[in-house]
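*Asks:* I'd like to ask some things about the structure below.
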Amino acid sequence: MSSHNFIVAPPRIEDREVVKPLLCGPGPCDYWPSVEKALSKPVLSPICEELFKVLEDIRVGLQYAFQTRSKLVMATSGSGHSGMEAIISNLVGPGETLLIASRGIWDQRALMIATRYGIKTKVVSIPMDTTFSLAQLEPELKRIRPAGLFITHGDSSTGTLQSLEGLGDLCHKYGTLLLVDTVVSLGGVPFFMDEWGVDGVYTSTQKVFSGPAGISPVAFSARAEQKMNSRKHNPPFYLDAKQLALQWSCDGVTRTYHHTLSSPLLWALRACLQELVRETLPVSWARHAASTAHFHKRLREYSFEFLIPKPEDRLATVTTVKLPKGYDYRGFVKYMRENHNILIFAGLGPTVDKALRIGIMGVNSTTKVADAVADAMADTLRALKKSSL
Ligand SMILES: *Cc1c(COP(=O)(O)O)cnc(C)c1O
């Protein structure tokens with residue numbers, strides 16, 4: 001033993017204290033107190049009855065959250081991107097075409113993922129501060145007849161909410177599956193998977209759900225299931241929805257081991273869903289609408305300007321705001337953090353140097369938080385005025 005030469009000595013890894021700011025960016029969000037408790041519940045082994053009970057609780061909770069009767073409801077082990085990668089790689093094969101409705105950064109990510117799987121991509125774009133109408137999408141669906149259409153419901157890079165009503169029917173008319181990102185919208189604004197004809201959808205737990213990142217709920221429609229049963233390609237093993245469905249006992253019977261599911265993340269997701277079903281969807285949607293309306297009223301009082309011109313396009317979970325000429329977005333965010341201990345974000349993708357992004361969502365969707373953030377933003381505007389002029 002002692003004859004080994006250690007080329008790396010034990011490093012110093014000391015205790016580290018972190019002052020947590022109020023998390024008001026477009027994610028991650030703060031935890032529900034019940035989530036904090038859930039994170040320390042007992043470890044569940046991959047094949048034990050308790051685990052399958054927890055998975056069942058999560059499945060029924062997610063059917064409620066997504067508003068779907070589909071049994072193909074589960075979660076991938078990874079952050080929101082793993083959900084994105086799962087629905088794309090399971091539903092569109094190499095050589096098939098994915099039409100990407102582009103207005104922010106998440107559709108750009110979908111494009112990068114699809115390209116890596118050898119999927120052909122076509123992009124239909126609109127200005128980043130607007131949303132799509134069915135009339136803008138139909139000619140593309142008709143001309144290209146893609147295997148899938150990818151679209152983001154709530155876009156946290158721009159602060160827009162895409163209407164999805166009627167889009168499923170339109171896609172199905174042209175043999176296209178509808179793939180939707182609801183990472184920053186689910187639970188905060190209305191979403192009806194079955195009614196809107198959505199075929200593949202994912203979300204993540206660190207946004208409106210107010211839980212930890214690292215587990216992503218996904219759901220597939222009957223049409224999506226048909227596609228998976230007849231597909232010629234193999235998606236990556238780790239994200240194969242057919243394999244995951246066996247582990248998640250989507251049929252209510254099968255109990256298999258695919259990979260070790262993270263117990264703390266399962267317990268946390270279950271706690272998030274308990275919060276949601278206790279509050280109910282309509283009450284949660286109304287709370288988000290009310291606290292954001294209040295936030296916007298306060299921002300108008302302080303003469304902030306919204307990035308998104310049409311009020312009906314604005315997302316109730318993430319607000320984008322323009323700063324007057326001469327202000328530096330990153331400097332503004334830094335001042336908020338250092339002087340008010342509030343974390344908001346500068347722009348991302350198409351909104352870099354064009355907007356601040358503020359998330360009033362999940363556990364933080366209250367008028368109290370909205371007031372605190374608006375007041376801190378007004379103070380920051382005043383404080384930085386001199387240096388920017
Ligand atoms: C945050 C976010 C993502 C990415 O999620 P990760 O958990 O960071 O992988 C995807 N889509 C939207 C709309 C988001 O807001």
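Residue numbering restarts at 1 for every chain of the structure tokens, chains are lettered A, B, ... in their displayed order, and ligands are numbered from 1 as they appear.
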Distance limit 6 Å, reference ligand 1, atoms considered: only C-alpha atoms and all ligand atoms. Which residues make the cut? Give them as a PyMOL selection string.

*Replies:* chain A and resi 27+79-81+106+154-156+181+183-184+204

*Asks:* Using C-alpha atoms, can you write the selected residues to a file as a JSON list (two decimals), in the first residue's frame?

*Replies:*
[["chain", "number", "residue", "atom", "x", "y", "z"],
["A", 27, "GLY", "CA", -34.70, 30.13, -12.83],
["A", 79, "SER", "CA", -32.23, 19.34, -16.00],
["A", 80, "GLY", "CA", -34.68, 20.80, -18.54],
["A", 81, "HIS", "CA", -32.33, 20.12, -21.44],
["A", 106, "TRP", "CA", -34.48, 27.43, -26.41],
["A", 154, "GLY", "CA", -43.11, 30.30, -22.21],
["A", 155, "ASP", "CA", -39.81, 31.72, -23.45],
["A", 156, "SER", "CA", -37.61, 32.83, -20.56],
["A", 181, "ASP", "CA", -41.10, 23.28, -24.04],
["A", 183, "VAL", "CA", -40.00, 24.58, -18.63],
["A", 184, "VAL", "CA", -40.81, 28.07, -17.38],
["A", 204, "SER", "CA", -38.24, 21.20, -15.18]]

*Asks:* Determine, counting only C-alpha atoms, which protein, DNA and RNA residues have an atom within 7 Å of an atom of Thr203 of chain A; residues of the same chain fewer than 2 positions away are not included. Present the result as a list in words.

*Replies:*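 What passes the distance filter is Gly80, Gly83, Asp181, Thr182, Val183, Leu186, Thr205, Ser216, Pro217 and Val218 of chain A.
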
*Asks:* In terms of the shortest atom-to-atom distance over only C-alpha atoms, which of A:Val19, A:Ala9, A:Val369, A:Leu307 is closest to Gly347 of chain A?

*Replies:*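 Closest candidate: A:Leu307.
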
*Asks:* To one decimal place, how far is atom CA of Asp328 of chain A from atom CA of Gln108 of chain A in Å?

*Replies:*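 Computed distance, atom CA of Asp328 of chain A to atom CA of Gln108 of chain A, equals 25.5 Å.
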
*Asks:* Rounded to one decimal, what separation in Å do you get between atom CA of Ile360 of chain A and atom CA of Ser185 of chain A?

*Replies:*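 Calculated distance between atom CA of Ile360 of chain A and atom CA of Ser185 of chain A is 11.7 Å.
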
*Asks:* Please identify which residues in segment 169-359 of chain A DSSP calls strand (DSSP E or B) from the backbone, and express them as a PDB file with C-alpha atoms, in the first residue's frame.

*Replies:*
ATOM      1  CA  LEU A 177     -46.115  15.793 -34.016  1.00  0.00           C
ATOM      2  CA  LEU A 178     -46.254  18.852 -31.744  1.00  0.00           C
ATOM      3  CA  LEU A 179     -43.263  19.132 -29.365  1.00  0.00           C
ATOM      4  CA  VAL A 180     -43.467  21.786 -26.651  1.00  0.00           C
ATOM      5  CA  ASP A 181     -41.103  23.285 -24.043  1.00  0.00           C
ATOM      6  CA  LEU A 186     -46.043  24.819 -16.488  1.00  0.00           C
ATOM      7  CA  VAL A 189     -49.950  29.757 -16.787  1.00  0.00           C
ATOM      8  CA  GLY A 200     -44.332  15.540 -26.548  1.00  0.00           C
ATOM      9  CA  VAL A 201     -43.790  17.976 -23.688  1.00  0.00           C
ATOM     10  CA  TYR A 202     -41.259  18.566 -20.942  1.00  0.00           C
ATOM     11  CA  ILE A 215     -35.210  16.015 -12.890  1.00  0.00           C
ATOM     12  CA  SER A 216     -37.449  16.825 -15.852  1.00  0.00           C
ATOM     13  CA  PRO A 217     -41.053  15.731 -16.193  1.00  0.00           C
ATOM     14  CA  VAL A 218     -41.937  14.595 -19.723  1.00  0.00           C
ATOM     15  CA  ALA A 219     -45.192  13.353 -21.264  1.00  0.00           C
ATOM     16  CA  PHE A 220     -46.071  11.710 -24.564  1.00  0.00           C
ATOM     17  CA  GLU A 305     -40.231  50.044 -20.187  1.00  0.00           C
ATOM     18  CA  PHE A 306     -41.279  46.510 -21.150  1.00  0.00           C
ATOM     19  CA  ARG A 314     -46.112  38.822 -22.047  1.00  0.00           C
ATOM     20  CA  VAL A 318     -40.731  35.997 -16.478  1.00  0.00           C
ATOM     21  CA  THR A 319     -40.785  39.728 -17.225  1.00  0.00           C
ATOM     22  CA  THR A 320     -38.353  41.430 -19.610  1.00  0.00           C
ATOM     23  CA  VAL A 321     -37.563  45.095 -19.096  1.00  0.00           C
ATOM     24  CA  LYS A 322     -35.498  47.575 -21.110  1.00  0.00           C
ATOM     25  CA  ILE A 342     -31.840  39.952  -5.049  1.00  0.00           C
ATOM     26  CA  LEU A 343     -30.781  37.921  -8.063  1.00  0.00           C
ATOM     27  CA  PHE A 345     -30.654  38.173 -14.809  1.00  0.00           C
ATOM     28  CA  ALA A 346     -29.483  40.147 -17.819  1.00  0.00           C
ATOM     29  CA  LEU A 356     -33.326  42.468 -17.810  1.00  0.00           C
ATOM     30  CA  ARG A 357     -35.089  39.187 -17.067  1.00  0.00           C
ATOM     31  CA  ILE A 358     -37.004  38.971 -13.797  1.00  0.00           C
ATOM     32  CA  GLY A 359     -38.790  35.848 -12.594  1.00  0.00           C
TER      33      GLY A 359
END

*Asks:* Of the candidates A:Gln67, A:Thr351, A:Asn364, A:Thr380, which one gets nearest to Lys334 of chain A if we count only C-alpha atoms?

*Replies:* A:Thr380

*Asks:* Looking at only C-alpha atoms, which of A:Leu299, A:Gly349, A:Tyr31, A:Leu315 is the one that sits closest to Ala376 of chain A?

*Replies:*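 Between A:Leu299, A:Gly349, A:Tyr31, A:Leu315, the residue approaching Ala376 of chain A most closely is A:Leu299.
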
*Asks:* Please list as a PyMOL selection string every residue within 12 Å of Lys142 of chain A, counting only C-alpha atoms and excluding residues in the same chain fewer than 3 positions away.

*Replies:* chain A and resi 99+134-139+145-147+149+170-176

*Asks:* Output C-alpha atoms for every residue in the selection just made, as a tab-separated table (two decimals), in the first residue's frame.

*Replies:*
chain	number	residue	atom	x	y	z
A	99	LEU	CA	-39.46	22.25	-38.01
A	134	LEU	CA	-51.27	29.82	-36.71
A	135	ALA	CA	-51.25	31.62	-40.08
A	136	GLN	CA	-47.46	32.02	-39.84
A	137	LEU	CA	-46.94	28.33	-39.14
A	138	GLU	CA	-49.44	26.62	-41.44
A	139	PRO	CA	-47.71	27.37	-44.78
A	145	ARG	CA	-44.68	18.24	-43.72
A	146	PRO	CA	-42.10	17.73	-40.97
A	147	ALA	CA	-42.10	14.79	-38.57
A	149	LEU	CA	-42.70	20.92	-34.85
A	170	LEU	CA	-52.94	22.02	-37.39
A	171	CYS	CA	-49.82	19.86	-36.93
A	172	HIS	CA	-51.79	16.62	-37.08
A	173	LYS	CA	-53.43	17.71	-40.37
A	174	TYR	CA	-49.95	17.54	-41.94
A	175	GLY	CA	-48.77	14.39	-40.16
A	176	THR	CA	-46.59	16.40	-37.74
